[in-house]
Amino acid sequence: MTATESRTEDQKLIPEKPRDAFYARFSSRKRRLILLVVCSGVILTPVADTIYLPSLTFVERDLDASQLLVSLTVALYILIVGFLPLVTGPLSERYGRRAVMLPSVAFFVACSVGAAFSPSIDVLLALRALQACGVCATMVIGQAIVSDVYPDQERGFAFGFFGISVQVGPVLGPIIGGALAEWKTWRSTFIFVAAIGALVLLLEIFFLPETNHYTIQQVNLKSGNEPIAGTIPRPKFEPPWYPLSFYRFPLVAWLSWSIGVAMSSMFLTTVILPIVMTTIYKFDQWQAGLVFLPYGVASMIGSNLGGLVSHRLQAKFGVCESQLLSFVIGVYCMVPGLAVFAWLGEVYLAAAIAATTPVGFGASFMISGAMSYVTQAYPQNFGAALSSVSVGQFGLSFFVIFFGPMARTVVGTSWLFTFMAGLISISLLPGAIWTGVFLSRSSRGTTPLSVN
């Protein structure tokens with residue numbers, strides 16, 4: 001099946017939606033306010049993930065838990081954040097954004113408070129899982145709300161601002177978490193995210209209107225008014241496994257795997273880094289938090305540059321598949337970074353800190369390019385297509401984060417990260433082969449190779 005045929009097939013799955021009249025309901029000022037409220041909620045997901053990373057070794061001591069179980073509190077959170085949007089996204093399409101978002105954030109706040117008072121690792125594991133169930137709605141429904149209120153020509157700016165909000169979390173989370181844990185204990189980090197979550201909930205209650213087009217239309221009709229923009233069919237609740245059907249396209253399956261390897265390597269670095277800092281270099285928790293600053297800033301820059309470069313590549317070569325050439329840059333950054341961390345990270349402090357910078361930059365650069373490609377390759381079903389890639393990302397990350405610390409105790413940091421560097425190189429090989437063929441055909445003026 002060619003790329004054009006696969007996209008044509010996908011475009012038949014969801015009918016064209018009349019949107020202009022709905023966009024006109026939101027003034028520019030109202031859109032900006034909605035965007036700010038949405039982005040304040042989106043920050044919760046990465047902050048809740050990273051805020052207590054500097055305290056992992058202290059959680060082990062306080063709860064008398066193994067490193068494996070403490071790592072599971074991070075891995076389980078990531079797994080649920082990646083998979084549950086397969087349910088919450090469709091629910092918001094069917095019943096409205098507010099009907100799903102508000103209870104989810106309230107549930108997140110309650111679970112965060114509970115996590116702060118966990119008496120054992122078992123309770124903390126359960127509450128971390130429930131915490132993820134609540135917070136995951138902010139990301140997927142936030143993206144849907146942006147699409148609800150911004151027309152196509154203005155959506156690039158909105159999603160760019162949305163993306164910056166996502167990237168702020170890995171920068172601020174560990175720094176704030178390390179300082180709080182040093183001042184009080186690691187439990188204070190959960191009180192902090194609960195307080196931020198409560199503030200976000202208040203903002204959503206008072207300043208976030210319903211934006212789902214179908215829900216707005218139904219309320220309008222029940223009030224006896226004329227339809228806003230013709231007939232909008234009732235959204236069909238697709239089964240949670242529907243996005244997995246996109247794995248029938250080889251390129252989507254490859255993207256899911258390769259981006260999963262890149263993201264899991266990045267997450268593994270963020271889990272092992274504070275362990276190395278606190279056990280080998282004897283850092284305090286606030287110092288371990290500051291170590292994440294270069295990594296977080298590099299990730300932010302990589303994400304923004306990845307999207308920019310991928311769009312320029314498409315403009316140059318004329319087909320959306322050319323955006324995947326950005327993977328080459330990502331690989332050239334990640335592999336040396338992982339190798340330096342593997343063999344010098346436990347010997348030289350500067351090497352350990354510096355190595356995380358290309359890892360964060362390279363992974364974010366590739367992920368941004370891949371997401372940009374998917375949204376343009378499957379314009380009518382980009383939500384489901386993105387979900388299929390996310391399943392691979394977060395599913396593989398779960399296993400790597402869970403088993404990574406245990407593997408480190410067996411084979412050591414050097415061979416663990418050498419393995420991850422090699423896995424990235426091998427996983428990206430199909431893309432490298434395709435890149436060579438693509439450039440060759442493009443230089444000869446022939447039709448680009450279809451990869452689907």
# chains A, B, ... in the order shown; residues from 1 in each chain; ligands from 1
>>> select_by_dssp(residues="stretch 182-272 of chain A", states="helix (DSSP H, G or I)", output="VMD selection string")
chain A and resid 182 to 183 187 to 207 213 to 222 242 to 248 250 to 272
>>> residues_around(residues="A:Cys320", least_positions_apart="6", cutoff="9 Å", atoms="only C-alpha atoms", output="number ranges by chain")
A: 310-311, 313-314, 372-374, 376-377
>>> closest_residue(among="A:Val261, A:Leu208, A:Met371, A:Val335", to="A:Arg98", atoms="only C-alpha atoms")
A:Leu208
>>> residues_around(residues="A:Trp286", least_positions_apart="6", cutoff="8 Å", atoms="only C-alpha atoms", output="PDB file with all heavy atoms, in the first residue's frame")
ATOM      1  N   PRO A  54      14.726  13.306  41.811  1.00  0.00           N
ATOM      2  CA  PRO A  54      15.934  13.464  42.628  1.00  0.00           C
ATOM      3  C   PRO A  54      15.865  12.734  43.969  1.00  0.00           C
ATOM      4  O   PRO A  54      16.904  12.592  44.640  1.00  0.00           O
ATOM      5  CB  PRO A  54      16.013  14.989  42.851  1.00  0.00           C
ATOM      6  CG  PRO A  54      15.246  15.584  41.724  1.00  0.00           C
ATOM      7  CD  PRO A  54      14.129  14.616  41.458  1.00  0.00           C
ATOM      8  N   ILE A 175      14.071  20.378  39.562  1.00  0.00           N
ATOM      9  CA  ILE A 175      14.651  21.468  40.349  1.00  0.00           C
ATOM     10  C   ILE A 175      13.763  21.784  41.551  1.00  0.00           C
ATOM     11  O   ILE A 175      14.243  21.889  42.694  1.00  0.00           O
ATOM     12  CB  ILE A 175      14.840  22.722  39.466  1.00  0.00           C
ATOM     13  CG1 ILE A 175      15.832  22.423  38.346  1.00  0.00           C
ATOM     14  CG2 ILE A 175      15.319  23.893  40.303  1.00  0.00           C
ATOM     15  CD1 ILE A 175      15.993  23.546  37.340  1.00  0.00           C
ATOM     16  N   GLY A 177      11.424  19.812  42.778  1.00  0.00           N
ATOM     17  CA  GLY A 177      11.332  18.608  43.605  1.00  0.00           C
ATOM     18  C   GLY A 177      12.543  18.432  44.505  1.00  0.00           C
ATOM     19  O   GLY A 177      12.413  18.086  45.680  1.00  0.00           O
ATOM     20  N   GLY A 178      13.732  18.655  43.934  1.00  0.00           N
ATOM     21  CA  GLY A 178      14.943  18.516  44.736  1.00  0.00           C
ATOM     22  C   GLY A 178      14.989  19.510  45.885  1.00  0.00           C
ATOM     23  O   GLY A 178      15.372  19.164  47.011  1.00  0.00           O
ATOM     24  N   ALA A 179      14.586  20.762  45.604  1.00  0.00           N
ATOM     25  CA  ALA A 179      14.584  21.792  46.650  1.00  0.00           C
ATOM     26  C   ALA A 179      13.557  21.480  47.732  1.00  0.00           C
ATOM     27  O   ALA A 179      13.839  21.611  48.929  1.00  0.00           O
ATOM     28  CB  ALA A 179      14.304  23.156  46.023  1.00  0.00           C
ATOM     29  N   LEU A 180      12.349  21.065  47.323  1.00  0.00           N
ATOM     30  CA  LEU A 180      11.310  20.732  48.296  1.00  0.00           C
ATOM     31  C   LEU A 180      11.721  19.545  49.164  1.00  0.00           C
ATOM     32  O   LEU A 180      11.527  19.564  50.390  1.00  0.00           O
ATOM     33  CB  LEU A 180       9.995  20.413  47.564  1.00  0.00           C
ATOM     34  CG  LEU A 180       9.196  21.593  47.022  1.00  0.00           C
ATOM     35  CD1 LEU A 180       8.034  21.086  46.163  1.00  0.00           C
ATOM     36  CD2 LEU A 180       8.674  22.469  48.146  1.00  0.00           C
ATOM     37  N   ALA A 181      12.272  18.523  48.524  1.00  0.00           N
ATOM     38  CA  ALA A 181      12.663  17.326  49.265  1.00  0.00           C
ATOM     39  C   ALA A 181      13.787  17.622  50.256  1.00  0.00           C
ATOM     40  O   ALA A 181      13.825  17.066  51.354  1.00  0.00           O
ATOM     41  CB  ALA A 181      13.088  16.226  48.296  1.00  0.00           C
ATOM     42  N   GLU A 182      14.699  18.504  49.859  1.00  0.00           N
ATOM     43  CA  GLU A 182      15.789  18.873  50.761  1.00  0.00           C
ATOM     44  C   GLU A 182      15.279  19.709  51.933  1.00  0.00           C
ATOM     45  O   GLU A 182      15.747  19.584  53.069  1.00  0.00           O
ATOM     46  CB  GLU A 182      16.863  19.641  49.979  1.00  0.00           C
ATOM     47  CG  GLU A 182      18.134  19.899  50.748  1.00  0.00           C
ATOM     48  CD  GLU A 182      18.913  18.619  51.023  1.00  0.00           C
ATOM     49  OE1 GLU A 182      18.772  17.643  50.251  1.00  0.00           O
ATOM     50  OE2 GLU A 182      19.666  18.599  52.017  1.00  0.00           O
TER      51      GLU A 182
END
>>> residues_around(residues="A:Pro46", least_positions_apart="3", cutoff="7 Å", atoms="only C-alpha atoms", output="list in words")
Ile43, Asp49, Thr50, Val166, Gly169 and Pro170 of chain A
>>> closest_residue(among="A:Ser303, A:Ser425, A:Thr356, A:Ser258", to="A:Ile164", atoms="only C-alpha atoms")
A:Ser303
>>> closest_residue(among="A:Leu53, A:Met300, A:Ala194, A:Ala115", to="A:Ala75", atoms="only C-alpha atoms")
A:Leu53
>>> closest_residue(among="A:Gly114, A:Gly96, A:Pro209, A:Gly163", to="A:Val37", atoms="only C-alpha atoms")
A:Pro209
>>> atom_distance(atom1="atom CA of A:Leu428", atom2="atom CA of A:Ser245")
22.3 Å
>>> closest_atom_pairs(of="stretch 336-432 of chain A", to="stretch 278-285 of chain A", cutoff="12 Å", atoms="only C-alpha atoms", output="Markdown table")
| residue | atom | partner | partner_atom | distance |
| --- | --- | --- | --- | --- |
| A:Gly345 | CA | A:Ile280 | CA | 10.1 |
| A:Glu346 | CA | A:Ile280 | CA | 7.1 |
| A:Val347 | CA | A:Ile280 | CA | 9.0 |
| A:Tyr348 | CA | A:Tyr281 | CA | 9.4 |
| A:Leu349 | CA | A:Tyr281 | CA | 7.5 |
| A:Ala350 | CA | A:Tyr281 | CA | 11.1 |
| A:Ala352 | CA | A:Tyr281 | CA | 10.4 |
| A:Ile353 | CA | A:Tyr281 | CA | 11.7 |
>>> residues_around(residues="stretch 24-30 of chain A", least_positions_apart="6", cutoff="10 Å", atoms="only C-alpha atoms", output="compact mmCIF listing (two decimals) with all heavy atoms, in the first residue's frame")
# COMPACT_ATOMS: atom_id res chain seq x y z
N LEU A 36 -4.21 29.39 27.56
CA LEU A 36 -3.45 29.51 28.81
C LEU A 36 -3.95 28.54 29.87
O LEU A 36 -3.15 27.92 30.59
CB LEU A 36 -3.54 30.95 29.33
CG LEU A 36 -2.74 32.01 28.57
CD1 LEU A 36 -3.06 33.40 29.09
CD2 LEU A 36 -1.24 31.73 28.67
N ASP A 148 -10.27 22.43 18.76
CA ASP A 148 -11.65 22.90 18.78
C ASP A 148 -11.77 24.39 18.54
O ASP A 148 -12.72 24.85 17.90
CB ASP A 148 -12.31 22.58 20.13
CG ASP A 148 -12.63 21.11 20.31
OD1 ASP A 148 -12.71 20.39 19.30
OD2 ASP A 148 -12.80 20.68 21.47
N VAL A 149 -10.84 25.17 19.09
CA VAL A 149 -11.02 26.63 19.11
C VAL A 149 -10.14 27.37 18.11
O VAL A 149 -10.42 28.53 17.79
CB VAL A 149 -10.77 27.20 20.52
CG1 VAL A 149 -11.72 26.56 21.52
CG2 VAL A 149 -9.33 27.01 20.97
N TYR A 150 -9.08 26.73 17.60
CA TYR A 150 -8.19 27.41 16.65
C TYR A 150 -8.38 26.85 15.24
O TYR A 150 -8.28 25.64 15.03
CB TYR A 150 -6.73 27.24 17.07
CG TYR A 150 -6.29 28.19 18.14
CD1 TYR A 150 -6.37 27.85 19.49
CD2 TYR A 150 -5.80 29.46 17.81
CE1 TYR A 150 -5.98 28.74 20.48
CE2 TYR A 150 -5.39 30.36 18.80
CZ TYR A 150 -5.49 29.99 20.13
OH TYR A 150 -5.11 30.86 21.11
N PRO A 151 -8.63 27.72 14.25
CA PRO A 151 -8.69 27.25 12.86
C PRO A 151 -7.31 26.82 12.37
O PRO A 151 -6.29 27.11 13.01
CB PRO A 151 -9.18 28.49 12.10
CG PRO A 151 -8.79 29.65 12.96
CD PRO A 151 -8.86 29.17 14.38
N PHE A 207 -12.94 29.30 33.81
CA PHE A 207 -12.49 29.93 32.57
C PHE A 207 -12.40 28.99 31.37
O PHE A 207 -11.97 29.42 30.30
CB PHE A 207 -11.12 30.60 32.79
CG PHE A 207 -11.12 31.65 33.84
CD1 PHE A 207 -10.49 31.42 35.06
CD2 PHE A 207 -11.76 32.86 33.64
CE1 PHE A 207 -10.49 32.39 36.05
CE2 PHE A 207 -11.76 33.84 34.62
CZ PHE A 207 -11.13 33.60 35.84
N LEU A 208 -12.77 27.73 31.53
CA LEU A 208 -12.70 26.80 30.41
C LEU A 208 -14.12 26.40 29.99
O LEU A 208 -14.76 25.58 30.66
CB LEU A 208 -11.89 25.55 30.78
CG LEU A 208 -11.70 24.52 29.66
CD1 LEU A 208 -10.87 25.12 28.53
CD2 LEU A 208 -11.02 23.26 30.19
N PRO A 209 -14.64 26.95 28.90
CA PRO A 209 -15.98 26.58 28.45
C PRO A 209 -15.95 25.24 27.72
O PRO A 209 -14.88 24.70 27.43
CB PRO A 209 -16.35 27.71 27.49
CG PRO A 209 -15.03 28.12 26.91
CD PRO A 209 -14.02 27.95 28.03
N THR A 211 -15.90 23.16 24.56
CA THR A 211 -15.43 23.48 23.21
C THR A 211 -15.74 22.40 22.18
O THR A 211 -15.60 22.65 20.99
CB THR A 211 -13.90 23.71 23.22
OG1 THR A 211 -13.24 22.50 23.61
CG2 THR A 211 -13.53 24.83 24.17
N ILE A 228 -25.74 25.33 14.26
CA ILE A 228 -24.67 26.30 14.07
C ILE A 228 -24.01 26.15 12.72
O ILE A 228 -23.72 27.12 12.03
CB ILE A 228 -23.62 26.15 15.20
CG1 ILE A 228 -24.27 26.45 16.55
CG2 ILE A 228 -22.42 27.06 14.96
CD1 ILE A 228 -23.37 26.18 17.73
>>> atom_distance(atom1="atom CA of A:Val200", atom2="atom CA of A:Gly41")
5.8 Å
>>> residues_around(residues="A:Asp64", least_positions_apart="6", cutoff="10 Å", atoms="only C-alpha atoms", output="PDB file with C-alpha atoms, in the first residue's frame")
ATOM      1  CA  PHE A  58      15.499   8.508  49.664  1.00  0.00           C
ATOM      2  CA  VAL A  70      10.669   2.437  43.465  1.00  0.00           C
ATOM      3  CA  SER A 120       4.281   1.812  52.262  1.00  0.00           C
ATOM      4  CA  ILE A 121       5.608   1.274  48.768  1.00  0.00           C
TER       5      ILE A 121
END
